[in-house]
Amino acid sequence: MKPGVGIFGFTGCAGCQLEILNLEDILLDLPSVVDIINFRMAKSENLDGPLDISFVEGSIMKYQVGELKKIRKNSKILVAIGSCACYGGVQYLQNFIEKPWKIVYNDKKMKYASPDTKSLSSYVKVDYSLPGCPIDKEEFVDFLKSVLLGRKPKMKSYPICVECKLRENDCLLEKGTICLGPVTVAGCNSKCPNNNYACEGCRGPVEEANISSQAELMKEKGIDPVDLIRRFRMFTSGAKEFQEAKA
Ligand code: SF4
Ligand code: SF4
Ligand code: SF4
């Protein structure tokens, strides 16, 4: 019996599911090692479970909680994929803007949409998190391989700077560019600094991130106080560590 897998999407842009579909080299091999039971973005016939592994993308709005709980109940392992699922994503920013819902929609009542959207772990137990906006497809494959081989997947506990240094990139911070690599968890192989772009922190905080020291460094580089807070909150404003950044 092959393990049963489900890939689900809630409130997000579907970019993380798309990254899985972008696994061109191995996509056609996946059905030989797993039984893809539910993947609405890729299949027309989908079943509700039971599932060995569920990969869940997107943040959760109130009307979606029941469906998420059903997936949790049907799954042995539940994995949050992408920063929307792990931290609430860009849409969580509305919690920090005064009355954004009212400004856009005024008092209009809508059946499904609501200003309240949260990470998966606000409602159910999450076994593993693969952050990023979008996820890193190689990290997804490594994760799946570990589970299929019966190994406990190793989650990264070091920052992007480690990956960046291993590639011998010139440090952007030293050149005066604000980079969140020191406080962001590794796993994307320092994708942005490799291409001369600063890390924007899309994977969220690394364990024991020294946020105050990073903020001091940013101030030394002359960042505007409002911009400092915005940088920490761009992709993962639901992460407590990044919320603690002070200008
Ligand atoms: S984490 Fe980014 S890519 Fe993934 S669903 Fe959310 S917005 Fe889209
Ligand atoms: S460029 Fe960014 S990620 Fe790379 S070493 Fe410098 S601070 Fe770290
Ligand atoms: S370098 Fe930073 S912003 Fe770029 S993909 Fe990696 S974590 Fe995200």
# chains A, B, ... in the order shown; residues from 1 in each chain; ligands from 1
call {"tool": "residues_near_ligand", "arguments": {"ligand": "ligand 2", "cutoff": "10 Å", "atoms": "only C-alpha atoms and all ligand atoms", "output": "PyMOL selection string"}}
result
chain A and resi 159-184+186+189-201+214
call {"tool": "write_last_selection", "arguments": {"atoms": "C-alpha atoms", "output": "mmCIF file, in the first residue's frame"}}
result
data_model
loop_
_atom_site.group_PDB
_atom_site.id
_atom_site.type_symbol
_atom_site.label_atom_id
_atom_site.label_comp_id
_atom_site.auth_asym_id
_atom_site.auth_seq_id
_atom_site.Cartn_x
_atom_site.Cartn_y
_atom_site.Cartn_z
ATOM 1 C CA PRO A 159 19.547 31.329 9.445
ATOM 2 C CA ILE A 160 19.701 32.156 5.731
ATOM 3 C CA CYS A 161 23.173 33.672 6.325
ATOM 4 C CA VAL A 162 24.594 30.143 6.730
ATOM 5 C CA GLU A 163 23.365 29.115 3.271
ATOM 6 C CA CYS A 164 24.506 32.448 1.874
ATOM 7 C CA LYS A 165 28.029 32.110 3.333
ATOM 8 C CA LEU A 166 28.328 28.530 2.064
ATOM 9 C CA ARG A 167 27.763 29.950 -1.423
ATOM 10 C CA GLU A 168 30.467 32.530 -0.798
ATOM 11 C CA ASN A 169 28.135 35.423 -1.707
ATOM 12 C CA ASP A 170 29.304 38.947 -0.943
ATOM 13 C CA CYS A 171 27.295 40.114 2.063
ATOM 14 C CA LEU A 172 24.685 42.713 1.106
ATOM 15 C CA LEU A 173 24.505 44.065 4.671
ATOM 16 C CA GLU A 174 28.179 44.922 4.488
ATOM 17 C CA LYS A 175 27.432 46.864 1.304
ATOM 18 C CA GLY A 176 24.759 48.862 3.158
ATOM 19 C CA THR A 177 21.646 46.978 1.965
ATOM 20 C CA ILE A 178 19.121 45.886 4.603
ATOM 21 C CA CYS A 179 18.922 42.081 4.570
ATOM 22 C CA LEU A 180 16.868 39.926 6.969
ATOM 23 C CA GLY A 181 19.067 36.857 6.405
ATOM 24 C CA PRO A 182 20.464 36.845 9.986
ATOM 25 C CA VAL A 183 17.010 36.378 11.563
ATOM 26 C CA THR A 184 15.247 34.296 8.884
ATOM 27 C CA ALA A 186 17.141 28.758 6.195
ATOM 28 C CA ASN A 189 19.279 28.002 -0.249
ATOM 29 C CA SER A 190 19.573 31.786 0.134
ATOM 30 C CA LYS A 191 17.661 32.286 -3.099
ATOM 31 C CA CYS A 192 17.483 36.090 -2.956
ATOM 32 C CA PRO A 193 21.032 36.987 -1.866
ATOM 33 C CA ASN A 194 22.357 34.529 -4.479
ATOM 34 C CA ASN A 195 20.768 36.860 -7.024
ATOM 35 C CA ASN A 196 21.936 40.054 -5.327
ATOM 36 C CA TYR A 197 18.559 40.749 -3.697
ATOM 37 C CA ALA A 198 18.206 41.165 0.050
ATOM 38 C CA CYS A 199 16.340 38.519 2.029
ATOM 39 C CA GLU A 200 12.866 39.889 2.888
ATOM 40 C CA GLY A 201 12.229 37.312 5.604
ATOM 41 C CA GLN A 214 18.939 43.001 13.821
#
call {"tool": "residues_around", "arguments": {"residues": "Gly82 in chain A", "least_positions_apart": "2", "cutoff": "8 Å", "atoms": "only C-alpha atoms", "output": "number ranges by chain"}}
result
A: 16, 57-58, 80, 84-86, 129-135, 203
call {"tool": "select_by_dssp", "arguments": {"residues": "range 188-231 of chain A", "states": "alpha helix (DSSP H)", "output": "VMD selection string"}}
result
chain A and resid 191 to 194 211 to 220 225 to 231
call {"tool": "write_last_selection", "arguments": {"atoms": "N, CA and C atoms", "output": "tab-separated table (two decimals), in the first residue's frame"}}
result
chain	number	residue	atom	x	y	z
A	191	LYS	N	18.08	31.96	-1.73
A	191	LYS	CA	17.66	32.29	-3.10
A	191	LYS	C	17.85	33.77	-3.46
A	192	CYS	N	17.42	34.66	-2.59
A	192	CYS	CA	17.48	36.09	-2.96
A	192	CYS	C	18.90	36.64	-2.95
A	193	PRO	N	19.66	36.47	-1.83
A	193	PRO	CA	21.03	36.99	-1.87
A	193	PRO	C	21.88	36.37	-2.99
A	194	ASN	N	21.60	35.12	-3.36
A	194	ASN	CA	22.36	34.53	-4.48
A	194	ASN	C	22.20	35.37	-5.74
A	211	ILE	N	16.22	39.58	17.36
A	211	ILE	CA	15.49	40.62	16.64
A	211	ILE	C	15.99	42.01	17.03
A	212	SER	N	16.28	42.20	18.33
A	212	SER	CA	16.70	43.55	18.73
A	212	SER	C	18.04	43.92	18.10
A	213	SER	N	18.94	42.96	18.02
A	213	SER	CA	20.24	43.24	17.42
A	213	SER	C	20.09	43.51	15.91
A	214	GLN	N	19.20	42.75	15.26
A	214	GLN	CA	18.94	43.00	13.82
A	214	GLN	C	18.35	44.40	13.63
A	215	ALA	N	17.42	44.78	14.53
A	215	ALA	CA	16.80	46.11	14.41
A	215	ALA	C	17.86	47.21	14.60
A	216	GLU	N	18.78	46.98	15.57
A	216	GLU	CA	19.86	47.97	15.79
A	216	GLU	C	20.71	48.12	14.53
A	217	LEU	N	21.02	46.97	13.94
A	217	LEU	CA	21.83	46.96	12.71
A	217	LEU	C	21.13	47.74	11.59
A	218	MET	N	19.82	47.54	11.49
A	218	MET	CA	19.05	48.23	10.46
A	218	MET	C	19.04	49.73	10.70
A	219	LYS	N	18.96	50.10	11.99
A	219	LYS	CA	18.97	51.54	12.32
A	219	LYS	C	20.34	52.14	11.98
A	220	GLU	N	21.40	51.37	12.27
A	220	GLU	CA	22.75	51.85	11.93
A	220	GLU	C	22.88	52.10	10.43
A	225	PRO	N	12.22	54.47	10.84
A	225	PRO	CA	11.57	53.62	11.85
A	225	PRO	C	10.30	52.92	11.35
A	226	VAL	N	9.50	53.61	10.55
A	226	VAL	CA	8.26	52.99	10.05
A	226	VAL	C	8.62	51.86	9.09
A	227	ASP	N	9.63	52.10	8.28
A	227	ASP	CA	10.05	51.10	7.31
A	227	ASP	C	10.63	49.86	8.02
A	228	LEU	N	11.30	50.09	9.15
A	228	LEU	CA	11.89	48.98	9.91
A	228	LEU	C	10.80	47.98	10.30
A	229	ILE	N	9.72	48.51	10.88
A	229	ILE	CA	8.61	47.64	11.30
A	229	ILE	C	8.00	46.95	10.09
A	230	ARG	N	7.83	47.69	9.02
A	230	ARG	CA	7.23	47.11	7.81
A	230	ARG	C	8.06	45.97	7.26
A	231	ARG	N	9.39	46.13	7.29
A	231	ARG	CA	10.26	45.07	6.75
A	231	ARG	C	10.04	43.75	7.50
call {"tool": "atom_distance", "arguments": {"atom1": "CA of Gly187 in chain A", "atom2": "atom 4 (Fe, counted along the ligand's line) of ligand 3"}}
result
9.8 Å
call {"tool": "atom_distance", "arguments": {"atom1": "CA of Lys76 in chain A", "atom2": "CA of Ile37 in chain A"}}
result
13.9 Å
call {"tool": "closest_residue", "arguments": {"among": "A:Ser32, A:Gln94, A:Asn210, A:Ser83", "to": "ligand 3", "atoms": "only C-alpha atoms and all ligand atoms"}}
result
A:Ser83
call {"tool": "residues_around", "arguments": {"residues": "Val5 in chain A", "least_positions_apart": "5", "cutoff": "7 Å", "atoms": "only C-alpha atoms", "output": "compact mmCIF listing (two decimals) with C-alpha atoms, in the first residue's frame"}}
result
# COMPACT_ATOMS: atom_id res chain seq x y z
CA VAL A 34 2.40 7.94 -3.11
CA ASP A 35 -1.31 7.72 -3.73
CA ILE A 36 -2.50 11.27 -4.39
CA ILE A 37 -5.97 11.06 -2.91
CA ASN A 38 -6.92 14.73 -2.93
CA LEU A 51 -4.69 10.34 4.60
CA ASP A 52 -1.17 9.55 5.72
CA ILE A 53 0.11 13.05 4.96
CA SER A 54 -1.79 16.27 4.31
call {"tool": "select_by_dssp", "arguments": {"residues": "range 20-242 of chain A", "states": "strand (DSSP E)", "output": "MDAnalysis selection string"}}
result
chainID A and resid 35:39 51:57 60:61 75:81 117:118 128:130
call {"tool": "closest_residue", "arguments": {"among": "A:Leu68, A:Met1, A:Met61, A:Leu23", "to": "Asp48 in chain A", "atoms": "only C-alpha atoms"}}
result
A:Leu68
call {"tool": "decode", "arguments": {"residues": "range 51-95 of chain A", "atoms": "N, CA and C atoms", "output": "PDB file, in the first residue's frame"}}
result
ATOM      1  N   LEU A  51      -5.940   9.940   5.240  1.00  0.00           N
ATOM      2  CA  LEU A  51      -4.690  10.339   4.597  1.00  0.00           C
ATOM      3  C   LEU A  51      -3.500  10.081   5.516  1.00  0.00           C
ATOM      4  N   ASP A  52      -2.394   9.669   4.917  1.00  0.00           N
ATOM      5  CA  ASP A  52      -1.166   9.553   5.717  1.00  0.00           C
ATOM      6  C   ASP A  52      -0.534  10.930   5.920  1.00  0.00           C
ATOM      7  N   ILE A  53      -0.473  11.704   4.836  1.00  0.00           N
ATOM      8  CA  ILE A  53       0.114  13.049   4.959  1.00  0.00           C
ATOM      9  C   ILE A  53      -0.792  14.062   4.256  1.00  0.00           C
ATOM     10  N   SER A  54      -1.079  15.154   4.942  1.00  0.00           N
ATOM     11  CA  SER A  54      -1.793  16.270   4.312  1.00  0.00           C
ATOM     12  C   SER A  54      -0.868  17.466   4.259  1.00  0.00           C
ATOM     13  N   PHE A  55      -0.777  18.072   3.100  1.00  0.00           N
ATOM     14  CA  PHE A  55      -0.051  19.332   2.949  1.00  0.00           C
ATOM     15  C   PHE A  55      -1.105  20.418   2.795  1.00  0.00           C
ATOM     16  N   VAL A  56      -1.076  21.413   3.668  1.00  0.00           N
ATOM     17  CA  VAL A  56      -2.148  22.415   3.662  1.00  0.00           C
ATOM     18  C   VAL A  56      -1.576  23.810   3.447  1.00  0.00           C
ATOM     19  N   GLU A  57      -2.055  24.447   2.391  1.00  0.00           N
ATOM     20  CA  GLU A  57      -1.629  25.814   2.041  1.00  0.00           C
ATOM     21  C   GLU A  57      -2.711  26.815   2.452  1.00  0.00           C
ATOM     22  N   GLY A  58      -2.280  28.026   2.770  1.00  0.00           N
ATOM     23  CA  GLY A  58      -3.238  29.115   2.978  1.00  0.00           C
ATOM     24  C   GLY A  58      -3.560  29.389   4.436  1.00  0.00           C
ATOM     25  N   SER A  59      -3.957  30.625   4.696  1.00  0.00           N
ATOM     26  CA  SER A  59      -4.422  30.956   6.044  1.00  0.00           C
ATOM     27  C   SER A  59      -5.898  30.558   6.147  1.00  0.00           C
ATOM     28  N   ILE A  60      -6.408  30.641   7.377  1.00  0.00           N
ATOM     29  CA  ILE A  60      -7.757  30.107   7.621  1.00  0.00           C
ATOM     30  C   ILE A  60      -8.713  31.218   8.043  1.00  0.00           C
ATOM     31  N   MET A  61      -9.810  31.324   7.293  1.00  0.00           N
ATOM     32  CA  MET A  61     -10.878  32.245   7.685  1.00  0.00           C
ATOM     33  C   MET A  61     -11.910  31.438   8.470  1.00  0.00           C
ATOM     34  N   LYS A  62     -12.743  32.141   9.208  1.00  0.00           N
ATOM     35  CA  LYS A  62     -13.633  31.429  10.152  1.00  0.00           C
ATOM     36  C   LYS A  62     -14.475  30.350   9.465  1.00  0.00           C
ATOM     37  N   TYR A  63     -14.990  30.643   8.285  1.00  0.00           N
ATOM     38  CA  TYR A  63     -15.885  29.670   7.644  1.00  0.00           C
ATOM     39  C   TYR A  63     -15.119  28.420   7.157  1.00  0.00           C
ATOM     40  N   GLN A  64     -13.759  28.484   7.186  1.00  0.00           N
ATOM     41  CA  GLN A  64     -12.955  27.350   6.717  1.00  0.00           C
ATOM     42  C   GLN A  64     -12.497  26.436   7.854  1.00  0.00           C
ATOM     43  N   VAL A  65     -12.773  26.841   9.094  1.00  0.00           N
ATOM     44  CA  VAL A  65     -12.244  26.088  10.251  1.00  0.00           C
ATOM     45  C   VAL A  65     -12.766  24.647  10.260  1.00  0.00           C
ATOM     46  N   GLY A  66     -14.044  24.466   9.953  1.00  0.00           N
ATOM     47  CA  GLY A  66     -14.640  23.127   9.973  1.00  0.00           C
ATOM     48  C   GLY A  66     -13.946  22.204   8.982  1.00  0.00           C
ATOM     49  N   GLU A  67     -13.682  22.729   7.794  1.00  0.00           N
ATOM     50  CA  GLU A  67     -13.037  21.911   6.759  1.00  0.00           C
ATOM     51  C   GLU A  67     -11.604  21.551   7.167  1.00  0.00           C
ATOM     52  N   LEU A  68     -10.918  22.537   7.767  1.00  0.00           N
ATOM     53  CA  LEU A  68      -9.548  22.269   8.231  1.00  0.00           C
ATOM     54  C   LEU A  68      -9.562  21.186   9.313  1.00  0.00           C
ATOM     55  N   LYS A  69     -10.506  21.271  10.222  1.00  0.00           N
ATOM     56  CA  LYS A  69     -10.569  20.284  11.320  1.00  0.00           C
ATOM     57  C   LYS A  69     -10.860  18.887  10.767  1.00  0.00           C
ATOM     58  N   LYS A  70     -11.665  18.838   9.712  1.00  0.00           N
ATOM     59  CA  LYS A  70     -11.972  17.542   9.093  1.00  0.00           C
ATOM     60  C   LYS A  70     -10.689  16.945   8.487  1.00  0.00           C
ATOM     61  N   ILE A  71      -9.905  17.784   7.823  1.00  0.00           N
ATOM     62  CA  ILE A  71      -8.631  17.307   7.239  1.00  0.00           C
ATOM     63  C   ILE A  71      -7.714  16.809   8.353  1.00  0.00           C
ATOM     64  N   ARG A  72      -7.633  17.578   9.432  1.00  0.00           N
ATOM     65  CA  ARG A  72      -6.782  17.178  10.568  1.00  0.00           C
ATOM     66  C   ARG A  72      -7.206  15.804  11.107  1.00  0.00           C
ATOM     67  N   LYS A  73      -8.503  15.626  11.258  1.00  0.00           N
ATOM     68  CA  LYS A  73      -9.023  14.370  11.810  1.00  0.00           C
ATOM     69  C   LYS A  73      -8.684  13.189  10.888  1.00  0.00           C
ATOM     70  N   ASN A  74      -8.678  13.449   9.599  1.00  0.00           N
ATOM     71  CA  ASN A  74      -8.449  12.383   8.615  1.00  0.00           C
ATOM     72  C   ASN A  74      -6.971  12.123   8.339  1.00  0.00           C
ATOM     73  N   SER A  75      -6.060  12.923   8.940  1.00  0.00           N
ATOM     74  CA  SER A  75      -4.648  12.847   8.544  1.00  0.00           C
ATOM     75  C   SER A  75      -3.747  12.390   9.681  1.00  0.00           C
ATOM     76  N   LYS A  76      -2.816  11.483   9.342  1.00  0.00           N
ATOM     77  CA  LYS A  76      -1.830  11.095  10.374  1.00  0.00           C
ATOM     78  C   LYS A  76      -0.839  12.235  10.588  1.00  0.00           C
ATOM     79  N   ILE A  77      -0.359  12.821   9.485  1.00  0.00           N
ATOM     80  CA  ILE A  77       0.597  13.934   9.583  1.00  0.00           C
ATOM     81  C   ILE A  77       0.014  15.125   8.843  1.00  0.00           C
ATOM     82  N   LEU A  78       0.016  16.282   9.485  1.00  0.00           N
ATOM     83  CA  LEU A  78      -0.462  17.497   8.809  1.00  0.00           C
ATOM     84  C   LEU A  78       0.710  18.492   8.706  1.00  0.00           C
ATOM     85  N   VAL A  79       0.960  18.935   7.485  1.00  0.00           N
ATOM     86  CA  VAL A  79       2.091  19.838   7.237  1.00  0.00           C
ATOM     87  C   VAL A  79       1.558  21.166   6.715  1.00  0.00           C
ATOM     88  N   ALA A  80       1.935  22.257   7.379  1.00  0.00           N
ATOM     89  CA  ALA A  80       1.573  23.599   6.891  1.00  0.00           C
ATOM     90  C   ALA A  80       2.574  23.981   5.811  1.00  0.00           C
ATOM     91  N   ILE A  81       2.085  24.316   4.615  1.00  0.00           N
ATOM     92  CA  ILE A  81       3.025  24.707   3.551  1.00  0.00           C
ATOM     93  C   ILE A  81       2.818  26.184   3.184  1.00  0.00           C
ATOM     94  N   GLY A  82       3.907  26.918   3.241  1.00  0.00           N
ATOM     95  CA  GLY A  82       3.881  28.336   2.868  1.00  0.00           C
ATOM     96  C   GLY A  82       3.623  29.241   4.053  1.00  0.00           C
ATOM     97  N   SER A  83       4.008  30.498   3.888  1.00  0.00           N
ATOM     98  CA  SER A  83       3.921  31.442   5.006  1.00  0.00           C
ATOM     99  C   SER A  83       2.484  31.828   5.354  1.00  0.00           C
ATOM    100  N   CYS A  84       1.550  31.683   4.424  1.00  0.00           N
ATOM    101  CA  CYS A  84       0.137  31.927   4.778  1.00  0.00           C
ATOM    102  C   CYS A  84      -0.307  30.891   5.806  1.00  0.00           C
ATOM    103  N   ALA A  85      -0.004  29.620   5.535  1.00  0.00           N
ATOM    104  CA  ALA A  85      -0.418  28.546   6.444  1.00  0.00           C
ATOM    105  C   ALA A  85       0.364  28.601   7.755  1.00  0.00           C
ATOM    106  N   CYS A  86       1.660  28.936   7.663  1.00  0.00           N
ATOM    107  CA  CYS A  86       2.508  28.922   8.871  1.00  0.00           C
ATOM    108  C   CYS A  86       2.294  30.152   9.751  1.00  0.00           C
ATOM    109  N   TYR A  87       2.071  31.330   9.111  1.00  0.00           N
ATOM    110  CA  TYR A  87       2.031  32.576   9.896  1.00  0.00           C
ATOM    111  C   TYR A  87       0.838  33.480   9.583  1.00  0.00           C
ATOM    112  N   GLY A  88      -0.024  33.084   8.697  1.00  0.00           N
ATOM    113  CA  GLY A  88      -1.145  33.960   8.318  1.00  0.00           C
ATOM    114  C   GLY A  88      -0.877  34.751   7.044  1.00  0.00           C
ATOM    115  N   GLY A  89       0.397  34.786   6.630  1.00  0.00           N
ATOM    116  CA  GLY A  89       0.745  35.392   5.334  1.00  0.00           C
ATOM    117  C   GLY A  89       0.577  36.897   5.266  1.00  0.00           C
ATOM    118  N   VAL A  90       0.678  37.406   4.064  1.00  0.00           N
ATOM    119  CA  VAL A  90       0.564  38.854   3.834  1.00  0.00           C
ATOM    120  C   VAL A  90      -0.797  39.356   4.330  1.00  0.00           C
ATOM    121  N   GLN A  91      -1.826  38.537   4.166  1.00  0.00           N
ATOM    122  CA  GLN A  91      -3.184  38.963   4.541  1.00  0.00           C
ATOM    123  C   GLN A  91      -3.338  39.192   6.049  1.00  0.00           C
ATOM    124  N   TYR A  92      -2.427  38.629   6.843  1.00  0.00           N
ATOM    125  CA  TYR A  92      -2.502  38.848   8.298  1.00  0.00           C
ATOM    126  C   TYR A  92      -2.168  40.302   8.653  1.00  0.00           C
ATOM    127  N   LEU A  93      -1.533  41.002   7.713  1.00  0.00           N
ATOM    128  CA  LEU A  93      -1.168  42.411   7.942  1.00  0.00           C
ATOM    129  C   LEU A  93      -2.361  43.284   8.294  1.00  0.00           C
ATOM    130  N   GLN A  94      -3.557  42.857   7.845  1.00  0.00           N
ATOM    131  CA  GLN A  94      -4.741  43.681   8.130  1.00  0.00           C
ATOM    132  C   GLN A  94      -4.973  43.878   9.631  1.00  0.00           C
ATOM    133  N   ASN A  95      -4.363  42.991  10.448  1.00  0.00           N
ATOM    134  CA  ASN A  95      -4.476  43.150  11.900  1.00  0.00           C
ATOM    135  C   ASN A  95      -3.700  44.354  12.418  1.00  0.00           C
TER     136      ASN A  95
END
